[in-house]
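> Please find entry.tsv (TSV, C-alpha atoms) on the next line:
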```
chain	number	residue	atom	x	y	z
A	5	MET	CA	47.17	70.64	-23.16
A	6	PHE	CA	48.60	73.82	-24.55
A	7	THR	CA	47.82	77.27	-23.23
A	8	ASN	CA	46.51	79.78	-25.74
A	9	THR	CA	48.77	82.84	-25.68
A	10	SER	CA	47.07	84.79	-28.47
A	11	SER	CA	45.44	88.15	-27.95
A	12	CYS	CA	41.96	86.74	-28.56
A	13	HIS	CA	39.79	85.81	-25.59
A	14	HIS	CA	36.98	83.29	-25.61
A	15	ASN	CA	34.09	83.26	-23.17
A	16	LEU	CA	34.90	81.41	-19.96
A	17	PRO	CA	33.05	78.07	-19.59
A	18	SER	CA	30.08	78.04	-17.24
A	19	LYS	CA	30.17	76.23	-13.91
A	20	THR	CA	27.70	73.64	-15.20
A	21	ALA	CA	29.83	72.93	-18.27
A	22	SER	CA	32.95	72.54	-16.13
A	23	ILE	CA	31.17	70.13	-13.76
A	24	ALA	CA	29.99	68.10	-16.76
A	25	LYS	CA	33.58	67.94	-18.05
A	26	VAL	CA	34.87	66.77	-14.66
A	27	THR	CA	32.15	64.10	-14.53
A	28	ALA	CA	32.94	62.89	-18.05
A	29	TYR	CA	36.66	62.67	-17.30
A	30	LEU	CA	36.06	60.87	-14.00
A	31	LEU	CA	34.01	58.27	-15.87
A	32	ILE	CA	36.65	57.51	-18.48
A	33	LEU	CA	39.40	57.65	-15.83
A	34	VAL	CA	37.74	54.88	-13.82
A	35	VAL	CA	36.94	52.75	-16.88
A	36	SER	CA	40.40	53.22	-18.39
A	37	THR	CA	42.32	52.55	-15.19
A	38	LEU	CA	40.38	49.45	-14.17
A	39	GLY	CA	40.01	48.15	-17.72
A	40	ASN	CA	43.67	48.43	-18.67
A	41	LEU	CA	44.84	47.08	-15.30
A	42	LEU	CA	42.62	44.04	-15.87
A	43	VAL	CA	43.94	43.58	-19.42
A	44	ILE	CA	47.53	43.63	-18.17
A	45	LEU	CA	46.68	41.31	-15.26
A	46	VAL	CA	44.84	38.85	-17.52
A	47	VAL	CA	47.69	38.64	-20.02
A	48	VAL	CA	50.32	38.25	-17.27
A	49	ARG	CA	48.39	35.55	-15.40
A	50	ASN	CA	47.14	33.58	-18.41
A	51	GLN	CA	50.01	31.65	-20.01
A	52	ARG	CA	48.02	30.95	-23.17
A	53	LEU	CA	47.32	34.62	-23.72
A	54	ARG	CA	50.81	35.66	-22.67
A	55	SER	CA	52.42	33.36	-25.23
A	56	ALA	CA	50.61	35.02	-28.15
A	57	VAL	CA	52.29	37.91	-29.98
A	58	ILE	CA	49.08	39.90	-30.43
A	59	ASN	CA	48.27	39.69	-26.73
A	60	GLN	CA	51.78	40.82	-25.80
A	61	MET	CA	51.29	43.89	-27.98
A	62	ILE	CA	47.81	44.48	-26.60
A	63	ALA	CA	49.30	44.42	-23.08
A	64	SER	CA	51.90	46.96	-24.21
A	65	MET	CA	49.12	49.22	-25.50
A	66	ALA	CA	47.29	48.77	-22.20
A	67	VAL	CA	50.37	50.03	-20.34
A	68	ALA	CA	50.44	53.11	-22.59
A	69	ASP	CA	46.72	53.70	-22.04
A	70	LEU	CA	47.19	53.32	-18.28
A	71	LEU	CA	49.88	56.02	-18.35
A	72	THR	CA	47.43	58.31	-20.10
A	73	SER	CA	44.87	57.65	-17.37
A	74	LEU	CA	47.25	58.34	-14.50
A	75	PHE	CA	49.10	61.35	-15.91
A	76	ASN	CA	46.84	63.12	-18.39
A	77	MET	CA	43.25	62.47	-17.33
A	78	THR	CA	44.01	63.42	-13.72
A	79	VAL	CA	45.46	66.76	-14.84
A	80	GLU	CA	42.39	67.49	-16.99
A	81	ILE	CA	40.17	66.71	-14.01
A	82	TRP	CA	42.22	69.14	-11.89
A	83	ILE	CA	41.93	71.88	-14.53
A	84	TYR	CA	38.15	71.58	-14.95
A	85	SER	CA	37.66	71.25	-11.19
A	86	LYS	CA	39.40	74.60	-10.81
A	87	GLU	CA	37.09	76.10	-13.42
A	88	ALA	CA	34.00	74.58	-11.75
A	89	THR	CA	34.90	76.18	-8.41
A	90	GLY	CA	35.57	79.56	-10.00
A	91	HIS	CA	39.35	79.48	-9.49
A	92	GLN	CA	41.82	80.50	-12.15
A	93	VAL	CA	44.01	77.69	-13.45
A	94	VAL	CA	47.58	78.52	-12.41
A	95	TRP	CA	50.42	76.07	-12.95
A	96	PHE	CA	52.61	74.75	-10.13
A	97	GLU	CA	55.66	76.69	-9.02
A	98	GLY	CA	59.23	75.46	-8.65
A	99	VAL	CA	61.10	72.50	-10.06
A	100	MET	CA	58.16	70.15	-9.58
A	101	GLY	CA	55.97	72.38	-11.74
A	102	VAL	CA	58.53	72.37	-14.55
A	103	VAL	CA	58.94	68.57	-14.33
A	104	LEU	CA	55.19	67.98	-14.39
A	105	CYS	CA	54.73	70.36	-17.32
A	106	LYS	CA	57.24	68.42	-19.41
A	107	VAL	CA	56.40	64.89	-18.24
A	108	ILE	CA	52.62	65.14	-18.67
A	109	VAL	CA	52.83	66.17	-22.34
A	110	PHE	CA	55.68	63.72	-22.92
A	111	VAL	CA	53.65	60.80	-21.49
A	112	GLN	CA	50.63	61.71	-23.60
A	113	GLY	CA	52.81	61.74	-26.71
A	114	ILE	CA	54.43	58.40	-25.86
A	115	SER	CA	51.05	56.80	-25.25
A	116	LEU	CA	49.71	58.04	-28.58
A	117	ALA	CA	52.84	57.04	-30.48
A	118	CYS	CA	53.06	53.64	-28.82
A	119	SER	CA	49.42	52.88	-29.60
A	120	VAL	CA	49.54	53.71	-33.30
A	121	LEU	CA	52.94	52.05	-33.86
A	122	THR	CA	51.75	48.93	-32.04
A	123	LEU	CA	48.62	48.81	-34.21
A	124	ALA	CA	50.86	49.07	-37.27
A	125	ALA	CA	53.11	46.27	-35.97
A	126	ILE	CA	50.07	44.04	-35.37
A	127	ALA	CA	48.86	44.74	-38.92
A	128	VAL	CA	52.28	43.79	-40.32
A	129	ASN	CA	52.24	40.62	-38.21
A	130	ARG	CA	48.78	39.64	-39.48
A	131	PHE	CA	49.81	40.36	-43.06
A	132	PHE	CA	52.79	38.00	-42.84
A	133	ALA	CA	50.71	35.36	-41.03
A	134	VAL	CA	48.22	35.32	-43.89
A	135	PHE	CA	50.44	35.75	-46.95
A	136	PHE	CA	53.43	33.82	-45.56
A	137	PRO	CA	51.79	31.28	-43.21
A	138	LEU	CA	54.95	29.18	-42.80
A	139	LYS	CA	56.73	32.13	-41.19
A	140	MET	CA	53.73	32.99	-38.96
A	141	GLY	CA	54.63	36.66	-38.60
A	142	PHE	CA	56.76	37.74	-35.65
A	143	GLY	CA	58.28	35.08	-33.44
A	144	LYS	CA	57.87	35.32	-29.68
A	145	SER	CA	61.43	36.51	-29.14
A	146	ALA	CA	61.14	38.97	-32.04
A	147	SER	CA	57.93	40.39	-30.59
A	148	THR	CA	59.76	41.46	-27.43
A	149	VAL	CA	62.33	43.27	-29.55
A	150	VAL	CA	59.57	44.92	-31.62
A	151	ILE	CA	57.76	46.13	-28.49
A	152	CYS	CA	61.00	47.60	-27.08
A	153	LEU	CA	61.73	49.31	-30.39
A	154	ILE	CA	58.21	50.76	-30.44
A	155	TRP	CA	58.69	52.32	-27.01
A	156	LEU	CA	62.13	53.63	-27.93
A	157	ALA	CA	60.85	55.10	-31.21
A	158	SER	CA	57.89	56.65	-29.41
A	159	SER	CA	60.16	58.24	-26.81
A	160	ALA	CA	62.52	59.58	-29.48
A	161	THR	CA	59.67	61.05	-31.54
A	162	VAL	CA	58.11	62.85	-28.58
A	163	SER	CA	61.36	63.83	-26.82
A	164	PRO	CA	61.44	67.37	-28.36
A	165	MET	CA	58.49	68.22	-26.11
A	166	LEU	CA	60.79	67.83	-23.10
A	167	TYR	CA	62.51	70.97	-24.36
A	168	ALA	CA	59.53	72.81	-25.81
A	169	MET	CA	57.19	72.60	-22.80
A	170	LYS	CA	58.00	75.41	-20.38
A	171	VAL	CA	56.45	77.10	-17.37
A	172	ILE	CA	56.22	80.83	-18.04
A	173	LYS	CA	54.10	83.74	-16.87
A	174	VAL	CA	51.06	84.55	-19.01
A	175	ASP	CA	49.11	87.63	-17.92
A	176	GLY	CA	50.93	87.49	-14.60
A	177	ASN	CA	50.15	83.80	-13.88
A	178	LEU	CA	52.30	80.71	-14.36
A	179	GLN	CA	51.17	78.50	-17.25
A	180	CYS	CA	52.49	75.35	-18.91
A	181	VAL	CA	52.94	76.28	-22.59
A	182	GLU	CA	54.73	75.08	-25.70
A	183	GLN	CA	57.59	77.49	-26.45
A	184	TRP	CA	60.43	76.57	-28.83
A	185	THR	CA	62.50	79.71	-28.31
A	186	PRO	CA	65.34	80.58	-27.83
A	187	VAL	CA	67.00	77.62	-29.58
A	188	PHE	CA	64.41	77.37	-32.39
A	189	ASP	CA	62.08	79.76	-34.14
A	190	GLY	CA	58.83	79.76	-32.20
A	191	GLU	CA	56.07	79.69	-34.83
A	192	SER	CA	57.79	77.74	-37.62
A	193	SER	CA	58.97	75.07	-35.16
A	194	LYS	CA	55.42	74.56	-33.87
A	195	LYS	CA	54.10	74.12	-37.41
A	196	THR	CA	56.91	71.81	-38.50
A	197	TYR	CA	56.68	69.58	-35.44
A	198	THR	CA	52.88	69.40	-35.59
A	199	LEU	CA	53.00	68.34	-39.24
A	200	LEU	CA	55.70	65.81	-38.37
A	201	LEU	CA	53.53	64.28	-35.64
A	202	LEU	CA	50.50	64.23	-37.93
A	203	THR	CA	52.51	62.39	-40.59
A	204	LEU	CA	54.48	59.96	-38.42
A	205	LEU	CA	51.92	59.19	-35.71
A	206	TYR	CA	48.61	59.38	-37.52
A	207	ALA	CA	48.30	59.68	-41.30
A	208	SER	CA	51.12	57.36	-42.42
A	209	PRO	CA	50.52	54.52	-39.90
A	210	LEU	CA	46.77	54.52	-40.48
A	211	GLY	CA	47.34	54.54	-44.25
A	212	ILE	CA	49.69	51.55	-44.02
A	213	ILE	CA	47.32	49.73	-41.66
A	214	THR	CA	44.40	50.29	-44.04
A	215	VAL	CA	46.32	48.84	-47.00
A	216	LEU	CA	47.51	45.80	-45.02
A	217	TYR	CA	44.12	44.95	-43.54
A	218	THR	CA	42.41	45.41	-46.90
A	219	ALA	CA	44.77	42.82	-48.35
A	220	VAL	CA	44.30	40.52	-45.34
A	221	VAL	CA	40.51	40.69	-45.48
A	222	ARG	CA	40.45	39.92	-49.21
A	223	LYS	CA	42.82	36.99	-48.73
A	224	VAL	CA	41.17	35.52	-45.64
A	225	TRP	CA	37.61	35.61	-46.87
A	226	ARG	CA	38.57	33.95	-50.18
A	227	ARG	CA	40.90	31.26	-48.83
A	228	GLN	CA	39.72	27.72	-48.16
A	229	VAL	CA	41.17	25.26	-45.69
A	230	PRO	CA	43.26	22.72	-47.68
A	231	GLY	CA	42.39	19.05	-47.63
A	232	ASN	CA	39.15	17.35	-46.73
A	233	ILE	CA	37.08	20.00	-44.97
A	234	THR	CA	34.46	18.89	-42.49
A	235	SER	CA	31.64	21.21	-41.56
A	236	PRO	CA	32.84	21.85	-37.96
A	237	ASN	CA	36.36	22.54	-39.19
A	238	LYS	CA	35.17	25.06	-41.74
A	239	GLN	CA	32.85	26.66	-39.23
A	240	LEU	CA	35.67	27.00	-36.70
A	241	GLU	CA	38.04	28.69	-39.12
A	242	LEU	CA	35.41	31.15	-40.35
A	243	VAL	CA	34.44	32.10	-36.80
A	244	THR	CA	38.01	32.57	-35.60
A	245	LYS	CA	39.12	34.52	-38.70
A	246	LYS	CA	36.22	36.93	-38.38
A	247	ARG	CA	36.71	37.39	-34.65
A	248	VAL	CA	40.38	38.32	-34.94
A	249	LEU	CA	39.90	40.66	-37.86
A	250	ARG	CA	36.83	42.35	-36.43
A	251	MET	CA	38.56	43.04	-33.14
A	252	LEU	CA	41.75	44.41	-34.70
A	253	ILE	CA	39.99	46.49	-37.35
A	254	THR	CA	37.58	47.87	-34.75
A	255	VAL	CA	40.51	48.96	-32.54
A	256	VAL	CA	42.11	50.74	-35.51
A	257	ILE	CA	38.89	52.48	-36.61
A	258	VAL	CA	38.12	53.63	-33.07
A	259	PHE	CA	41.67	54.92	-32.65
A	260	GLY	CA	41.47	56.88	-35.91
A	261	LEU	CA	38.09	58.40	-35.07
A	262	CYS	CA	38.97	59.27	-31.48
A	263	TRP	CA	42.20	61.11	-32.31
A	264	PHE	CA	41.00	62.79	-35.52
A	265	PRO	CA	39.37	65.80	-33.77
A	266	TYR	CA	42.50	66.46	-31.68
A	267	TYR	CA	44.81	66.39	-34.69
A	268	THR	CA	42.36	68.67	-36.47
A	269	TYR	CA	42.65	71.05	-33.52
A	270	LEU	CA	46.46	70.93	-33.66
A	271	ILE	CA	46.45	71.70	-37.38
A	272	LEU	CA	44.04	74.60	-36.89
A	273	THR	CA	46.02	75.98	-33.95
A	274	PHE	CA	49.61	75.63	-35.12
A	275	VAL	CA	49.34	75.50	-38.93
A	276	VAL	CA	46.18	77.26	-40.15
A	277	TYR	CA	45.98	79.95	-37.48
A	278	GLY	CA	48.88	82.30	-36.89
A	279	PRO	CA	49.85	84.36	-33.86
A	280	GLU	CA	47.76	87.25	-35.16
A	281	ASN	CA	44.57	85.15	-35.36
A	282	CYS	CA	42.32	83.59	-32.74
A	283	SER	CA	42.74	79.92	-31.90
A	284	PRO	CA	39.72	77.52	-31.84
A	285	PRO	CA	37.26	77.86	-28.94
A	286	THR	CA	37.93	75.99	-25.70
A	287	SER	CA	34.99	73.66	-26.41
A	288	VAL	CA	36.79	72.43	-29.53
A	289	VAL	CA	39.93	71.82	-27.47
A	290	PHE	CA	37.95	69.84	-24.90
A	291	VAL	CA	36.15	67.64	-27.41
A	292	GLY	CA	39.34	66.84	-29.30
A	293	LEU	CA	41.41	65.93	-26.26
A	294	PHE	CA	38.56	64.18	-24.43
A	295	LEU	CA	37.82	61.85	-27.35
A	296	GLY	CA	41.53	61.06	-27.67
A	297	HIS	CA	41.76	60.22	-23.97
A	298	ALA	CA	38.50	58.25	-24.16
A	299	ASN	CA	40.21	55.89	-26.59
A	300	SER	CA	42.19	54.54	-23.62
A	301	ALA	CA	38.92	53.58	-21.93
A	302	ILE	CA	37.32	52.13	-25.07
A	303	ASN	CA	40.13	49.70	-25.95
A	304	PRO	CA	39.65	47.32	-22.98
A	305	CYS	CA	35.93	47.21	-23.76
A	306	ILE	CA	36.68	46.19	-27.36
A	307	TYR	CA	38.95	43.35	-26.20
A	308	ALA	CA	36.25	42.04	-23.87
A	309	ILE	CA	33.52	42.27	-26.50
A	310	PHE	CA	35.38	40.48	-29.29
A	311	ASN	CA	37.60	38.04	-27.38
A	312	LYS	CA	36.03	35.16	-25.46
A	313	GLU	CA	39.28	34.28	-23.75
A	314	TYR	CA	39.60	37.79	-22.34
A	315	ARG	CA	36.04	37.58	-21.03
A	316	SER	CA	36.67	34.16	-19.51
A	317	SER	CA	39.93	35.32	-17.97
A	318	LEU	CA	38.24	38.41	-16.54
A	319	MET	CA	35.64	36.15	-14.95
A	320	ALA	CA	38.45	34.07	-13.47
A	321	VAL	CA	40.05	37.22	-12.03
A	322	ASN	CA	36.70	38.26	-10.55
A	323	ARG	CA	36.23	34.82	-8.99
A	324	ALA	CA	39.71	35.06	-7.47
A	325	CYS	CA	39.11	38.56	-6.08
A	326	LEU	CA	35.47	38.26	-5.01
A	327	PRO	CA	33.92	35.67	-2.66
A	328	SER	CA	31.80	33.02	-4.32
A	329	LEU	CA	28.06	33.38	-3.85
A	330	PRO	CA	26.01	30.32	-2.83
A	331	GLY	CA	24.33	28.72	-5.78
A	332	SER	CA	26.26	30.77	-8.32
A	333	ARG	CA	27.01	29.05	-11.59
A	334	VAL	CA	30.67	28.68	-12.48
A	335	PRO	CA	31.34	29.71	-16.11
A	336	ARG	CA	32.95	27.27	-18.50
A	337	THR	CA	36.72	27.19	-18.28
A	338	LEU	CA	38.94	28.07	-21.18
A	339	ASN	CA	39.79	24.46	-21.99
A	340	GLN	CA	36.13	23.43	-22.28
A	341	GLY	CA	35.48	25.42	-25.45
A	342	LEU	CA	36.70	24.65	-28.94
A	343	VAL	CA	36.17	28.01	-30.58
A	344	LYS	CA	39.19	30.16	-29.61
A	345	LEU	CA	40.94	33.22	-30.88
A	346	THR	CA	43.23	31.64	-33.43
A	347	GLN	CA	45.84	32.80	-35.83
A	348	LEU	CA	44.93	33.89	-39.35
A	349	GLY	CA	47.20	31.34	-40.98
A	350	THR	CA	46.20	27.93	-39.60
A	351	GLY	CA	47.40	25.83	-42.51
A	352	ASN	CA	46.62	22.12	-42.06
A	353	LEU	CA	46.05	22.18	-38.29
A	354	THR	CA	43.39	19.88	-36.94
A	355	ILE	CA	40.29	21.31	-35.38
A	356	ARG	CA	41.63	20.63	-31.87
A	357	GLU	CA	45.01	22.19	-32.69
A	358	GLN	CA	43.31	25.22	-34.18
A	359	ALA	CA	41.14	25.55	-31.10
A	360	ASN	CA	44.16	25.43	-28.81
A	361	SER	CA	46.18	28.01	-30.76
A	362	LEU	CA	46.11	31.79	-30.24
A	363	ALA	CA	46.47	34.80	-32.47
A	364	ASP	CA	50.24	34.41	-32.74
```
Take the structure in the file and give it back as structure tokens.

Amino acid sequence: MFTNTSSCHHNLPSKTASIAKVTAYLLILVVSTLGNLLVILVVVRNQRLRSAVINQMIASMAVADLLTSLFNMTVEIWIYSKEATGHQVVWFEGVMGVVLCKVIVFVQGISLACSVLTLAAIAVNRFFAVFFPLKMGFGKSASTVVICLIWLASSATVSPMLYAMKVIKVDGNLQCVEQWTPVFDGESSKKTYTLLLLTLLYASPLGIITVLYTAVVRKVWRRQVPGNITSPNKQLELVTKKRVLRMLITVVIVFGLCWFPYYTYLILTFVVYGPENCSPPTSVVFVGLFLGHANSAINPCIYAIFNKEYRSSLMAVNRACLPSLPGSRVPRTLNQGLVKLTQLGTGNLTIREQANSLAD
């Protein structure tokens, strides 16, 4: 959320449009908050899920998405609520206003960086699990180190915004804006940093992920289970391979599509347009940022759609939190089913061993 300080003025949004924006943000706020809390709770409570590297990284992404819900979506709702009631959006005064200005943008950057770097780490893990099955990708202890490094790298990459975001007066009112002066040159620093973010946190990771998953898909769909293959065994491996890959690839595609409009807006604002030109209309800003924030609400839905163990665990959480209804049917427990989310390098595991393994 950057304030436009150019001399151009766009038409103010109508009250109806502002109410629609508030409603849309409230919807994704509720879905994102509840969905990511449930994902974290399910992984923490379920030892089988918690022991898998992919699920540990998914929980880490859920934490990042939850931060986006609590810090960024709430601020957007406040802004559009002000517009809907006909009040001018004026930033908070004092030390708290400065802290919020810096922290809100910093948290959004960390969440975005953590998500894309985690997706890249998962792709690397799947690549090694398929092409080097004896090593099985990251170990459980190594995954903790990788997750910590991802958060540290994300914080380091976004930390310049703690300096650049400032509360200054624009047309007599306090606004939270990106301003690199006096230490750096204002316009060139904006362009350089925007291009850096586009390269490090979008284009390069998605390019690497695309190459790795292309190789994994080609390898997995061509490989046969060694030894004497029975029909149930073959069926199990095909189902589990497709489920893992479909879920992971869907998460990556959705991430790329959701954040593409916002990065396009950043390029147009800080690279294509100069201080003497008009920035994109406010509707473009809304669509870009809303779709990026909506990604935090979509991810938990993807996990539930593609992963039976997440759905079963969510049912278990609901049964624990809600009173049982007379005559209600209890769903099958996790241990009653054979088809599970398994790793993409199962080797010579038996059908029962494959069914009891996770995407590790």
> For the point (41.2, 64.0, -33.9) in the file's frame, write as a list in words all residues with an atom no more than 10 Å away, counting all atoms listed in the file.
Tyr206, Phe259, Gly260, Leu261, Cys262, Trp263, Phe264, Pro265, Tyr266, Tyr267, Thr268, Tyr269, Leu270, Ile271, Val291, Gly292, Leu293, Phe294, Leu295 and Gly296 of chain A
> I'd like to know which of A:Ile253, A:Val224, A:Val120, A:Leu33 is closest to Val79 (chain A), using all atoms listed in the file.
A:Leu33
> Tell me which of A:Val67, A:Val134, A:Val187, A:Leu31 sits closest to Val47 (chain A), counting all atoms listed in the file.
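Once distances to Val47 (chain A) are computed over all atoms listed in the file, the minimum belongs to A:Val67.
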> Could you check the closest approach to Gly98 (chain A) for each of A:Arg247, A:Arg52, A:Lys223, A:Lys170 and tell me which residue wins, using only C-alpha atoms?
A:Lys170
> Quick one, how far is CA of Ile154 (chain A) from CA of Thr122 (chain A)?
6.9 Å
> May I have the residues within 10 Å of Ile172 (chain A) as a PyMOL selection string, using only C-alpha atoms and disregarding those fewer than 2 positions away in the same chain?
chain A and resi 95+97+102+169-170+174-183
> Need the shell around region 309-311 of chain A: protein/DNA/RNA residues with any atom at most 8 Å away, counting all atoms listed in the file. Skip same-chain ones fewer than 6 positions apart. Format as a PyMOL selection string?
chain A and resi 247-248+250-251+345
> How about saving the chosen residues, C-alpha atoms kept, as a short mmCIF file (atom, residue, chain, number, x, y, z; two decimals), in the coordinates of the input?

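Result file out-v3.cif:
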```cif
data_model
loop_
_atom_site.label_atom_id
_atom_site.label_comp_id
_atom_site.auth_asym_id
_atom_site.auth_seq_id
_atom_site.Cartn_x
_atom_site.Cartn_y
_atom_site.Cartn_z
CA ARG A 247 36.71 37.39 -34.65
CA VAL A 248 40.38 38.32 -34.94
CA ARG A 250 36.83 42.35 -36.43
CA MET A 251 38.56 43.04 -33.14
CA LEU A 345 40.94 33.22 -30.88
#
```
> Return as AutoDock Vina command-line options the box centre and box size in Å, one decimal, for an axis-aligned box around all listed atoms of region 248-252 of chain A padded by 4 Å per side.

```
--center_x 39.3 --center_y 41.4 --center_z -35.5 --size_x 12.9 --size_y 14.1 --size_z 12.7
```
> Just give me the gap between CA of Pro304 (chain A) and CA of Gly39 (chain A) in Å, one decimal is fine.
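So the answer is 5.3 Å.
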> Once all heavy atoms are restored for region 190-198 of chain A, what would the output be as a short mmCIF file (atom, residue, chain, number, x, y, z; two decimals), in the coordinates of the input?

```
data_model
loop_
_atom_site.label_atom_id
_atom_site.label_comp_id
_atom_site.auth_asym_id
_atom_site.auth_seq_id
_atom_site.Cartn_x
_atom_site.Cartn_y
_atom_site.Cartn_z
N GLY A 190 60.04 80.16 -32.89
CA GLY A 190 58.83 79.76 -32.20
C GLY A 190 57.73 79.24 -33.09
O GLY A 190 57.30 78.10 -32.98
N GLU A 191 57.24 80.05 -34.03
CA GLU A 191 56.07 79.69 -34.83
C GLU A 191 56.37 78.61 -35.86
O GLU A 191 55.61 77.66 -36.02
CB GLU A 191 55.51 80.94 -35.51
CG GLU A 191 54.94 81.96 -34.56
CD GLU A 191 53.91 81.37 -33.62
OE1 GLU A 191 53.05 80.60 -34.10
OE2 GLU A 191 53.95 81.67 -32.42
N SER A 192 57.48 78.74 -36.58
CA SER A 192 57.79 77.74 -37.62
C SER A 192 58.06 76.37 -37.00
O SER A 192 57.72 75.34 -37.58
CB SER A 192 58.99 78.20 -38.45
OG SER A 192 60.16 78.29 -37.66
N SER A 193 58.68 76.34 -35.82
CA SER A 193 58.97 75.07 -35.16
C SER A 193 57.68 74.37 -34.74
O SER A 193 57.55 73.15 -34.86
CB SER A 193 59.86 75.30 -33.94
OG SER A 193 61.11 75.82 -34.31
N LYS A 194 56.71 75.14 -34.24
CA LYS A 194 55.42 74.56 -33.87
C LYS A 194 54.75 73.92 -35.09
O LYS A 194 54.26 72.79 -35.02
CB LYS A 194 54.50 75.63 -33.29
CG LYS A 194 54.85 76.06 -31.88
CD LYS A 194 53.84 77.10 -31.39
CE LYS A 194 54.17 77.56 -29.99
NZ LYS A 194 53.21 78.56 -29.50
N LYS A 195 54.74 74.64 -36.20
CA LYS A 195 54.10 74.12 -37.41
C LYS A 195 54.81 72.88 -37.93
O LYS A 195 54.17 71.88 -38.26
CB LYS A 195 54.08 75.21 -38.49
CG LYS A 195 53.20 76.40 -38.17
CD LYS A 195 53.24 77.42 -39.31
CE LYS A 195 52.37 78.62 -39.00
NZ LYS A 195 52.38 79.62 -40.09
N THR A 196 56.13 72.94 -37.97
CA THR A 196 56.91 71.81 -38.50
C THR A 196 56.71 70.57 -37.65
O THR A 196 56.49 69.46 -38.17
CB THR A 196 58.41 72.18 -38.57
OG1 THR A 196 58.57 73.33 -39.39
CG2 THR A 196 59.21 71.02 -39.13
N TYR A 197 56.80 70.74 -36.34
CA TYR A 197 56.68 69.58 -35.44
C TYR A 197 55.26 69.02 -35.46
O TYR A 197 55.07 67.80 -35.42
CB TYR A 197 57.08 69.97 -34.03
CG TYR A 197 57.18 68.80 -33.09
CD1 TYR A 197 58.16 67.82 -33.26
CD2 TYR A 197 56.28 68.65 -32.04
CE1 TYR A 197 58.24 66.73 -32.41
CE2 TYR A 197 56.36 67.57 -31.18
CZ TYR A 197 57.34 66.62 -31.37
OH TYR A 197 57.41 65.53 -30.52
N THR A 198 54.26 69.88 -35.53
CA THR A 198 52.88 69.40 -35.59
C THR A 198 52.64 68.59 -36.85
O THR A 198 52.01 67.52 -36.82
CB THR A 198 51.91 70.59 -35.54
OG1 THR A 198 52.11 71.31 -34.32
CG2 THR A 198 50.47 70.12 -35.61
#
```
